[in-house]
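**Q** Below is the file model04.txt, with compact mmCIF, C-alpha atoms.
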# COMPACT_ATOMS: atom_id res chain seq x y z
CA MET H 53 151.21 184.46 243.34
CA LEU H 54 148.05 186.58 243.14
CA LYS H 55 148.79 187.47 239.52
CA SER H 56 149.24 183.80 238.72
CA VAL H 57 145.99 182.92 240.44
CA GLY H 58 144.20 185.78 238.71
CA ALA H 59 145.47 184.67 235.30
CA SER H 60 144.15 181.16 235.83
CA LEU H 61 140.74 182.34 237.04
CA ALA H 62 139.87 184.85 234.34
CA LEU H 63 136.20 185.19 233.42
CA PRO H 64 134.61 187.81 231.14
CA GLY H 65 132.20 190.16 232.80
CA LEU H 66 133.18 189.13 236.33
CA PRO H 67 132.42 192.54 237.89
CA SER H 68 128.77 192.07 236.96
CA LEU H 69 128.66 189.11 239.33
CA MET H 70 129.77 191.20 242.26
CA ALA H 71 127.43 192.75 244.82
CA GLY H 72 128.26 196.46 244.97
CA SER H 73 128.89 197.98 248.37
CA LYS H 74 126.23 200.65 247.74
CA THR H 75 123.63 197.92 247.35
CA VAL H 76 124.62 196.33 250.64
CA GLN H 77 124.75 199.72 252.40
CA ALA H 78 121.24 200.52 251.20
CA ALA H 79 119.94 197.15 252.35
CA VAL H 80 121.49 197.53 255.80
CA LYS H 81 120.23 201.07 256.21
CA ALA H 82 116.72 200.16 255.08
CA THR H 83 116.35 197.06 257.22
CA SER H 84 118.36 197.53 260.41
CA GLY H 85 115.85 197.53 263.22
CA ALA H 86 113.08 196.78 260.75
CA GLY H 87 111.70 193.49 259.48
CA VAL H 88 108.25 193.65 261.05
CA GLY H 89 106.02 191.25 259.14
CA ALA H 90 108.81 190.23 256.75
CA PRO H 91 108.62 186.63 255.47
CA ARG H 92 110.96 184.18 257.17
CA PHE H 93 111.92 180.54 256.74
CA VAL H 94 113.11 177.80 259.10
CA ALA H 95 113.87 174.18 258.18
CA VAL H 96 114.43 171.37 260.67
CA GLY H 97 115.86 168.09 259.40
CA ASN H 98 116.43 164.69 260.96
CA LEU H 99 119.15 162.43 259.54
CA LEU H 100 117.47 159.13 260.40
CA GLY H 101 113.83 159.72 259.56
CA PHE H 102 110.73 158.83 261.58
CA GLN H 103 108.54 155.79 262.09
CA THR H 104 106.03 156.70 259.40
CA LYS H 105 103.58 154.00 260.49
CA GLN H 106 103.29 155.90 263.76
CA LEU H 107 103.26 159.29 262.02
CA PHE H 108 101.02 159.22 258.95
CA PRO H 109 97.24 158.97 259.58
CA GLU H 110 94.89 156.80 257.53
CA THR H 111 92.35 159.59 256.93
CA VAL H 112 93.20 162.52 254.67
CA GLY H 113 91.77 166.01 255.04
CA LYS H 114 90.89 167.98 258.15
CA ASP H 115 89.46 165.04 260.08
CA TYR H 116 92.66 162.99 260.18
CA GLU H 117 93.27 160.99 263.34
CA THR H 118 95.99 161.97 265.80
CA THR H 119 98.66 159.29 265.52
CA ARG H 120 101.16 158.44 268.21
CA LEU H 121 103.88 160.75 266.85
CA LEU H 122 101.41 163.55 266.11
CA LYS H 123 100.20 163.80 269.71
CA PRO H 124 102.87 166.35 270.71
CA LEU H 125 101.63 168.58 267.87
CA ALA H 126 97.93 168.39 268.70
CA ALA H 127 97.79 171.96 270.03
CA MET H 128 99.28 173.28 266.75
CA ARG H 129 97.06 171.18 264.47
CA ASP H 130 95.30 174.19 262.92
CA GLN H 131 98.61 175.87 262.11
CA MET H 132 100.34 173.03 260.28
CA THR H 133 99.91 170.68 257.33
CA LEU H 134 101.21 167.12 257.15
CA TYR H 135 102.18 165.85 253.69
CA ARG H 136 102.65 162.33 252.39
CA GLY H 137 103.85 161.35 248.92
CA LEU H 138 106.58 163.97 248.47
CA ASP H 139 110.25 163.19 247.85
CA HIS H 140 113.08 163.87 245.40
CA GLY H 141 112.93 160.62 243.45
CA ILE H 142 116.49 159.70 244.37
CA LYS H 143 118.28 156.78 246.02
CA GLY H 144 121.32 156.50 248.20
CA GLY H 145 120.12 155.76 251.70
CA HIS H 146 122.08 157.55 254.41
CA PHE H 147 124.36 159.05 251.76
CA ALA H 148 121.43 160.80 250.07
CA VAL H 149 120.07 162.52 253.18
CA HIS H 150 122.14 165.61 252.31
CA SER H 151 119.69 166.20 249.43
CA PHE H 152 116.80 166.91 251.85
CA LEU H 153 116.72 170.66 251.14
CA SER H 154 118.22 170.57 247.65
CA GLY H 155 116.65 167.64 245.83
CA VAL H 156 120.01 166.97 244.16
CA LEU H 157 122.78 164.49 244.99
CA ASN H 158 126.30 165.88 245.28
CA SER H 159 127.47 163.43 242.65
CA GLU H 160 124.92 164.75 240.13
CA ALA H 161 125.34 168.46 240.80
CA GLN H 162 128.33 169.33 238.61
CA ASN H 163 126.43 170.10 235.43
CA ARG H 164 123.60 172.03 237.10
CA ALA H 165 123.58 175.83 237.07
CA ASP H 166 122.77 175.98 240.79
CA GLY H 167 124.59 172.79 241.74
CA ASN H 168 123.02 171.17 244.78
CA VAL H 169 122.18 174.45 246.52
CA SER H 170 119.76 173.94 249.40
CA ILE H 171 116.57 175.98 249.57
CA ASP H 172 117.77 178.01 252.57
CA GLN H 173 120.94 179.15 250.76
CA PHE H 174 118.93 179.71 247.57
CA MET H 175 116.80 182.16 249.55
CA ALA H 176 119.77 183.66 251.40
CA ASP H 177 121.51 184.54 248.13
CA GLU H 178 118.60 186.82 247.28
CA VAL H 179 117.37 188.25 250.60
CA GLY H 180 120.18 187.49 253.05
CA MET H 181 121.83 190.91 252.87
CA GLN H 182 118.79 192.44 254.57
CA THR H 183 119.88 191.09 257.98
CA ARG H 184 123.11 190.76 259.96
CA PHE H 185 123.25 187.04 259.21
CA SER H 186 122.16 185.99 255.74
CA SER H 187 121.24 182.64 257.29
CA LEU H 188 122.00 180.53 260.35
CA THR H 189 122.93 176.86 260.02
CA VAL H 190 122.78 174.94 263.29
CA GLY H 191 123.80 171.33 263.75
CA SER H 192 126.54 169.02 264.96
CA GLU H 193 129.83 167.85 263.52
CA GLY H 194 129.52 164.42 265.07
CA GLY H 195 128.11 161.23 263.63
CA ILE H 196 129.06 158.63 261.06
CA HIS H 197 128.48 160.70 257.93
CA GLY H 198 130.70 163.73 258.41
CA GLY H 199 128.61 166.12 260.45
CA CYS H 200 125.79 168.48 259.53
CA GLN H 201 124.91 168.31 255.83
CA ILE H 202 121.63 170.21 255.68
CA ALA H 203 122.85 173.41 253.95
CA TRP H 204 124.79 173.71 250.67
CA THR H 205 125.91 176.66 248.55
CA LYS H 206 125.59 176.98 244.79
CA SER H 207 129.28 176.17 244.46
CA GLY H 208 128.67 172.81 246.14
CA VAL H 209 130.23 173.72 249.48
CA ARG H 210 128.75 172.42 252.72
CA VAL H 211 127.82 175.25 255.08
CA PRO H 212 129.58 174.49 258.39
CA PRO H 213 127.16 174.54 261.31
CA ILE H 214 127.01 176.46 264.54
CA THR H 215 127.41 173.50 266.86
CA GLY H 216 125.93 174.59 270.18
CA PRO H 217 123.85 177.15 272.05
CA ALA H 218 126.89 178.93 273.53
CA ASP H 219 128.33 179.74 270.08
CA LEU H 220 124.91 180.67 268.68
CA PHE H 221 124.24 182.95 271.67
CA GLU H 222 127.56 184.77 271.25
CA ARG H 223 126.99 185.34 267.54
CA LEU H 224 123.55 186.77 268.17
CA PHE H 225 124.12 188.91 271.26
CA ILE H 226 127.81 189.41 272.13
CA SER H 227 129.57 192.29 270.36
CA ASP H 228 133.28 192.14 269.56
CA SER H 229 135.72 194.02 271.75
CA LYS H 230 137.27 197.22 270.33
CA GLU H 231 140.53 195.33 269.79
CA HIS H 232 138.77 192.58 267.86
CA GLN H 233 136.84 195.14 265.83
CA ALA H 234 140.13 196.77 264.84
CA GLU H 235 141.48 193.38 263.78
CA ARG H 236 138.37 192.80 261.71
CA VAL H 237 138.93 196.11 259.89
CA LYS H 238 142.45 194.97 258.97
CA GLU H 239 141.13 191.58 257.84
CA ASN H 240 138.51 193.25 255.68
CA ARG H 241 141.12 195.46 254.01
CA LEU H 242 143.35 192.47 253.30
CA GLN H 243 140.50 190.46 251.81
CA ASP H 244 139.49 193.50 249.77
CA SER H 245 142.99 193.67 248.28
CA ILE H 246 143.02 189.95 247.42
CA LEU H 247 139.65 190.13 245.67
CA ASP H 248 140.63 193.34 243.86
CA SER H 249 143.81 191.67 242.57
CA VAL H 250 141.93 188.67 241.23
CA LEU H 251 139.30 190.90 239.61
CA GLU H 252 141.93 193.11 237.99
CA ASP H 253 143.69 190.17 236.38
CA ALA H 254 140.38 188.58 235.41
CA ASN H 255 139.28 191.73 233.58
CA ARG H 256 142.58 192.05 231.74
CA LEU H 257 142.67 188.40 230.64
CA SER H 258 138.97 187.80 230.10
CA LYS H 259 139.30 187.44 226.31
CA ARG H 260 142.01 184.80 226.50
CA VAL H 261 139.89 181.86 227.70
CA ASN H 262 137.76 179.62 225.51
CA HIS H 263 134.13 178.69 225.98
CA GLU H 264 134.92 175.44 227.79
CA ASP H 265 137.15 177.24 230.30
CA LYS H 266 134.47 179.84 230.95
CA ASN H 267 132.02 177.12 231.91
CA LYS H 268 134.54 175.52 234.25
CA LEU H 269 135.42 178.83 235.86
CA ASP H 270 131.86 180.02 236.34
CA GLU H 271 131.32 177.84 239.42
CA TYR H 272 134.47 179.15 241.07
CA PHE H 273 133.64 182.77 240.45
CA SER H 274 130.19 182.18 241.88
CA SER H 275 131.98 181.32 245.12
CA ILE H 276 134.02 184.54 244.83
CA ARG H 277 130.74 186.39 244.46
CA ASP H 278 129.62 184.76 247.73
CA VAL H 279 132.83 185.92 249.43
CA GLU H 280 132.34 189.46 248.13
CA LYS H 281 128.76 189.60 249.41
CA ARG H 282 129.67 188.21 252.82
CA LEU H 283 132.61 190.61 253.12
CA GLU H 284 130.50 193.66 252.29
CA LEU H 285 127.76 192.50 254.62
CA ARG H 286 130.22 191.99 257.48
CA LYS H 287 131.73 195.43 257.01
CA GLN H 288 128.41 197.23 256.92
CA TRP H 289 126.92 195.50 259.98
CA ALA H 290 130.10 195.94 262.05
CA SER H 291 129.00 199.43 263.13
CA HIS H 292 125.49 198.35 264.18
CA PRO H 293 125.19 197.13 267.79
CA LYS H 294 123.78 193.68 268.41
CA PRO H 295 120.52 193.23 270.34
CA GLU H 296 120.69 193.23 274.13
CA LYS H 297 121.22 189.73 275.47
CA PRO H 298 117.96 188.32 276.94
CA PHE H 299 119.74 186.10 279.49
CA ASP H 300 123.22 184.90 280.41
CA ARG H 301 125.25 182.84 277.99
CA PRO H 302 124.02 179.22 278.08
CA ALA H 303 126.45 176.34 278.46
CA ASP H 304 126.83 173.59 275.87
CA GLN H 305 125.63 170.25 277.20
CA ASN H 306 124.65 167.68 274.56
CA THR H 307 122.41 167.67 271.51
CA VAL H 308 119.48 166.19 273.41
CA GLU H 309 119.52 168.64 276.30
CA ASP H 310 120.60 171.54 274.06
CA LEU H 311 117.66 171.14 271.68
CA PRO H 312 115.16 173.36 273.60
CA MET H 313 117.75 176.16 273.92
CA LEU H 314 118.69 175.95 270.24
CA TYR H 315 115.03 176.37 269.32
CA GLU H 316 114.72 179.32 271.73
CA LEU H 317 117.77 181.05 270.23
CA ILE H 318 116.49 180.54 266.69
CA ALA H 319 113.18 182.10 267.74
CA LEU H 320 115.07 185.08 269.21
CA ALA H 321 117.18 185.39 266.05
CA LEU H 322 113.98 185.72 264.04
CA GLN H 323 112.34 188.06 266.56
CA THR H 324 115.33 190.44 266.64
CA ASP H 325 115.59 190.29 262.83
CA SER H 326 119.17 189.07 263.14
CA THR H 327 118.30 186.64 260.35
CA ARG H 328 115.22 185.57 258.41
CA ILE H 329 116.51 182.16 257.37
CA ALA H 330 117.64 179.32 259.64
CA THR H 331 118.18 175.58 259.51
CA LEU H 332 118.58 173.01 262.27
CA GLU H 333 119.76 169.46 261.69
CA ILE H 334 119.33 166.76 264.31
CA GLY H 335 122.06 164.29 263.48
CA GLY H 336 124.59 161.79 264.69
CA SER H 337 125.35 163.48 268.00
CA PHE H 338 121.75 163.07 269.18
CA LEU H 339 122.60 160.37 271.72
CA PRO H 340 119.91 158.01 273.09
CA GLN H 341 121.94 157.68 276.30
CA ASN H 342 120.84 161.19 277.25
CA LEU H 343 117.26 159.92 277.26
CA GLY H 344 118.13 156.82 279.27
CA ILE H 345 118.49 154.48 276.27
CA ASP H 346 121.73 152.48 276.19
CA LYS H 347 121.74 151.94 272.43
CA SER H 348 123.13 153.54 269.27
CA TYR H 349 120.66 155.80 267.41
CA HIS H 350 121.96 154.59 264.06
CA GLY H 351 121.79 151.00 265.23
CA LEU H 352 118.24 151.45 266.47
CA SER H 353 117.19 152.87 263.09
CA HIS H 354 117.98 149.44 261.58
CA HIS H 355 115.41 147.96 263.93
CA GLY H 356 114.42 144.80 262.04
CA ASN H 357 110.92 145.25 263.53
CA ASP H 358 112.30 144.46 266.97
CA GLU H 359 109.71 145.71 269.48
CA ASP H 360 112.24 147.08 271.98
CA ALA H 361 114.15 148.94 269.26
CA LEU H 362 110.93 150.40 267.88
CA ALA H 363 109.87 151.55 271.34
CA HIS H 364 113.23 153.29 271.82
CA LEU H 365 112.91 155.00 268.44
CA ILE H 366 109.43 156.25 269.29
CA THR H 367 110.87 157.74 272.49
CA LEU H 368 113.63 159.53 270.55
CA GLU H 369 111.34 160.77 267.80
CA ASN H 370 108.60 161.81 270.21
CA TYR H 371 111.14 163.96 272.07
CA GLN H 372 112.20 165.68 268.84
CA ILE H 373 108.62 166.28 267.71
CA GLU H 374 107.61 167.50 271.17
CA HIS H 375 110.22 170.27 271.11
CA PHE H 376 109.39 171.13 267.51
CA GLY H 377 105.81 171.65 268.68
CA LYS H 378 107.00 173.87 271.52
CA PHE H 379 109.01 175.90 269.00
CA LEU H 380 105.89 176.45 266.89
CA ASN H 381 103.97 177.47 269.99
CA ARG H 382 106.77 179.88 270.93
CA LEU H 383 106.62 181.56 267.51
CA SER H 384 102.83 181.78 267.73
CA GLY H 385 103.18 183.70 270.99
CA ILE H 386 105.50 186.39 269.59
CA GLN H 387 103.77 189.36 268.02
CA ASP H 388 105.14 190.51 264.67
CA GLY H 389 103.24 193.65 263.73
CA GLU H 390 99.61 192.74 263.19
CA GLN H 391 100.33 189.02 263.08
CA THR H 392 102.39 186.47 264.98
CA LEU H 393 105.94 185.44 264.17
CA LEU H 394 104.60 182.02 263.16
CA ASP H 395 102.30 183.71 260.64
CA SER H 396 105.41 185.36 259.17
CA THR H 397 107.58 182.23 259.25
CA SER H 398 107.27 179.16 257.05
CA VAL H 399 108.58 176.29 259.17
CA LEU H 400 109.49 173.02 257.44
CA PHE H 401 110.05 169.85 259.44
CA GLY H 402 111.03 166.43 258.12
CA SER H 403 113.84 164.23 256.89
CA GLY H 404 115.64 163.14 253.75
CA MET H 405 115.17 159.60 255.00
CA GLY H 406 111.81 157.94 254.49
CA ASN H 407 112.75 154.68 256.15
CA ALA H 408 116.17 154.29 257.76
CA HIS H 409 115.69 150.55 258.27
CA SER H 410 115.43 149.96 254.50
CA HIS H 411 117.66 152.91 253.52
CA ASN H 412 114.73 154.40 251.64
CA ASN H 413 114.64 158.05 250.51
CA SER H 414 111.08 158.02 249.20
CA ASP H 415 107.76 159.00 250.79
CA LEU H 416 109.43 161.52 253.08
CA PRO H 417 107.78 162.76 256.30
CA ILE H 418 107.05 166.46 255.69
CA ILE H 419 105.32 168.98 257.95
CA LEU H 420 104.84 172.62 257.01
CA ALA H 421 103.67 175.14 259.61
CA GLY H 422 102.96 178.87 259.66
CA GLY H 423 103.95 181.14 256.80
CA GLY H 424 100.45 182.41 256.10
CA TYR H 425 99.35 179.14 254.50
CA GLN H 426 95.93 177.58 255.00
CA HIS H 427 96.60 174.70 257.39
CA GLY H 428 94.87 172.03 259.42
CA GLU H 429 95.00 169.08 257.02
CA PHE H 430 96.75 165.83 256.20
CA LYS H 431 97.41 165.88 252.47
CA LYS H 432 98.36 162.81 250.52
CA VAL H 433 99.99 164.05 247.32
CA GLU H 434 99.07 161.84 244.41
CA SER H 435 101.16 161.33 241.28
CA LYS H 436 100.26 163.25 238.15
CA GLY H 437 99.93 160.50 235.60
CA ILE H 438 103.13 158.45 235.78
CA LYS H 439 105.12 161.27 237.39
CA LYS H 440 105.30 162.09 241.08
CA VAL H 441 105.01 165.64 242.34
CA PRO H 442 108.56 166.61 243.42
CA LEU H 443 109.17 167.94 246.91
CA CYS H 444 111.08 170.75 245.17
CA ASN H 445 107.73 172.06 243.90
CA LEU H 446 106.88 172.87 247.52
CA TYR H 447 110.32 174.44 247.97
CA LEU H 448 109.75 176.65 244.94
CA ASP H 449 106.50 177.86 246.47
CA LEU H 450 108.33 178.62 249.73
CA ALA H 451 110.96 180.60 247.81
CA GLN H 452 108.29 182.64 246.07
CA ARG H 453 106.67 183.34 249.45
CA MET H 454 110.03 184.76 250.52
CA GLY H 455 109.82 187.18 247.62
CA LEU H 456 112.10 185.43 245.12
CA GLU H 457 111.11 185.85 241.49
CA SER H 458 112.13 182.35 240.49
CA GLU H 459 110.39 179.88 238.22
CA SER H 460 112.34 176.81 239.25
CA PHE H 461 114.32 175.25 242.06
CA GLY H 462 116.24 171.99 242.14
CA THR H 463 114.16 169.33 240.38
CA SER H 464 110.89 171.28 240.45
CA THR H 465 108.41 170.85 237.62
CA GLY H 466 106.21 173.79 238.56
CA THR H 467 104.69 175.59 241.48
CA PHE H 468 103.09 173.65 244.31
CA SER H 469 99.31 173.69 244.62
Once you've parsed the file, please lay out its structure as C-alpha cells.

**A**
Amino acid sequence: MLKSVGASLALPGLPSLMAGSKTVQAAVKATSGAGVGAPRFVAVGNLLGFQTKQLFPETVGKDYETTRLLKPLAAMRDQMTLYRGLDHGIKGGHFAVHSFLSGVLNSEAQNRADGNVSIDQFMADEVGMQTRFSSLTVGSEGGIHGGCQIAWTKSGVRVPPITGPADLFERLFISDSKEHQAERVKENRLQDSILDSVLEDANRLSKRVNHEDKNKLDEYFSSIRDVEKRLELRKQWASHPKPEKPFDRPADQNTVEDLPMLYELIALALQTDSTRIATLEIGGSFLPQNLGIDKSYHGLSHHGNDEDALAHLITLENYQIEHFGKFLNRLSGIQDGEQTLLDSTSVLFGSGMGNAHSHNNSDLPIILAGGGYQHGEFKKVESKGIKKVPLCNLYLDLAQRMGLESESFGTSTGTFS
C-alpha cells in the first residue's frame, strides 16, 4: 500500500522541502529556556463582530473620545491603536469570517501558492520550531458554522483548537508518564518509517510525472513537510521537561467563565516561552445565558435595531473587551528582559465580521496593542486612490516584526505604514 501511495505522490526534489533533524535540534538547543525579548504574536477573533457605532470614535488621532465599548480599554490607551477602514475586500457574511487572519476565502485559495494560510500559521512555519509548540490555537468546536475557524495551514487545513483551559493547562505544564513517553517513541518510529517510504518512492519516480501533476502534488507534499517538521519538533522536545505548573489544573466550565483563565494560560505560555504564537477565537459556544441573557448570540447579532437586543449585545461585547483589556494589562506587568512582555508581543484584536446584522465583512474592527509599535491613536485608514489599503498589509508588517523575510502575505499590496 505504501509503495502504491508513494508512486501516486511522486514529486521531484521532495527532500529539499523537508526540515532536517539537525536544524530542529539546533533550534531546540539554542532556544530552550531562552526567548527573552523575542518577538511574539497573539490574535483574538470574534465570530460575530462588534457594534461599531459604539466602538469607533468620531475624532481621529491621539485625542479620540472614549466610546462605550472602549471604556474597558481606557487604562491601556497609550499601548494600543484602533484602526478603521481595514478589511479584505471580500463578501460572504458569516461564511467569510474564516478569512479574518488570512484575507482569502477557502473557495478562492486553490490556485494560490500559500492557499488561505492564516498569519499565525504563516509565522509558525518560519519561527515555530524555536519553541515546544509552534503555535497554540484556542477556541470552541460549538456553534452553527463548524467550530473554530481562525487558523489555517498552507495546505488549506483548519487547525483544530484546544477547546478549554483544562486541556491547555495539561499541554503546557503536565509531562507525559514514562509509559506514555515510551509509546510516543514507538509512534515516532512508525511515522518515520511511513514518511521514509513515501520519500523513497517519490525520489525514484520523480521524473515520471508531468508538469500539471507536479502542480497538483505540490500542495499535498507541503502538508507532508508540515508533518515532518512537527514530528521532528515533537521528538526533540520530548526530552525537555515542561515548566513547573503555577497552580492546580483548572476545570472546564463554559466559554464565558473560561475566558479569563484562557487568557491567563496564554500569557503563561508566552512567559515560559512554550510558544511565541497564539490565537483565540470567541465563537458560537459563547452563550449569553452565562451572563444572564436568555437569548441566542447569533440571533441577537441580527438585532434589527431593537433596543433590547442592542443592549444585550453591548453587554456581551463589553465583557469580551473587558477581559481583553485585562490580558493586555497582565502582559504589561510581566518583565521580559529590559522590557515588558506586552512590548515583545504584538496583540491583534478584532473580527472578520464588520456588521453581523447586515452580514457585512467590510470596515472591520481592528485593535493592535504592544509589539514595540508607537500607539495611543485612533487611525482611520483612507483609500489610496480608488483602492483600499488591505488589512493584509498590516499582517505583512506583523510578520516582518516577527523576523520573517517576506515581501507579501495574502492579498497584501505592500508594507503597512

**Q** Restricting the calculation to only C-alpha atoms, which member of H:Thr133, H:Gln103, H:Asn163, H:Ser170 is positioned closest to Thr189 (chain H)?

**A**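 Among H:Thr133, H:Gln103, H:Asn163, H:Ser170, it is H:Ser170 that comes nearest to Thr189 (chain H).
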
**Q** Tell me, as a short mmCIF file (atom, residue, chain, number, x, y, z; two decimals) with C-alpha atoms, in the frame of the given file, which residues lie within 8 Å of region 454-460 of chain H, counting all atoms listed in the file; anything in the same chain fewer than 5 positions away does not count.

**A**
data_model
loop_
_atom_site.label_atom_id
_atom_site.label_comp_id
_atom_site.auth_asym_id
_atom_site.auth_seq_id
_atom_site.Cartn_x
_atom_site.Cartn_y
_atom_site.Cartn_z
CA PRO H 91 108.62 186.63 255.47
CA ARG H 92 110.96 184.18 257.17
CA PHE H 93 111.92 180.54 256.74
CA MET H 175 116.80 182.16 249.55
CA GLU H 178 118.60 186.82 247.28
CA LEU H 448 109.75 176.65 244.94
CA THR H 465 108.41 170.85 237.62
CA GLY H 466 106.21 173.79 238.56
CA THR H 467 104.69 175.59 241.48
#

**Q** With distances taken over all atoms listed in the file, which of H:Asp325, H:Glu434, H:Glu239, H:Asp310 is nearest to Asn342 (chain H)?

**A** H:Asp310

**Q** CA of Asn98 (chain H) to CA of Ile334 (chain H): how many Å, to one decimal?

**A**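 Spanning CA of Asn98 (chain H) to CA of Ile334 (chain H) is a straight-line distance of 4.9 Å.
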
**Q** Mind checking which residues fall within 12 Å of region 296-305 of chain H, counting only C-alpha atoms, ignoring those fewer than 3 positions away in the same chain, and posting them as a PyMOL selection string?

**A** chain H and resi 192+214-227+293+308-314+316-317+320-321+323-324+326+337-339+342
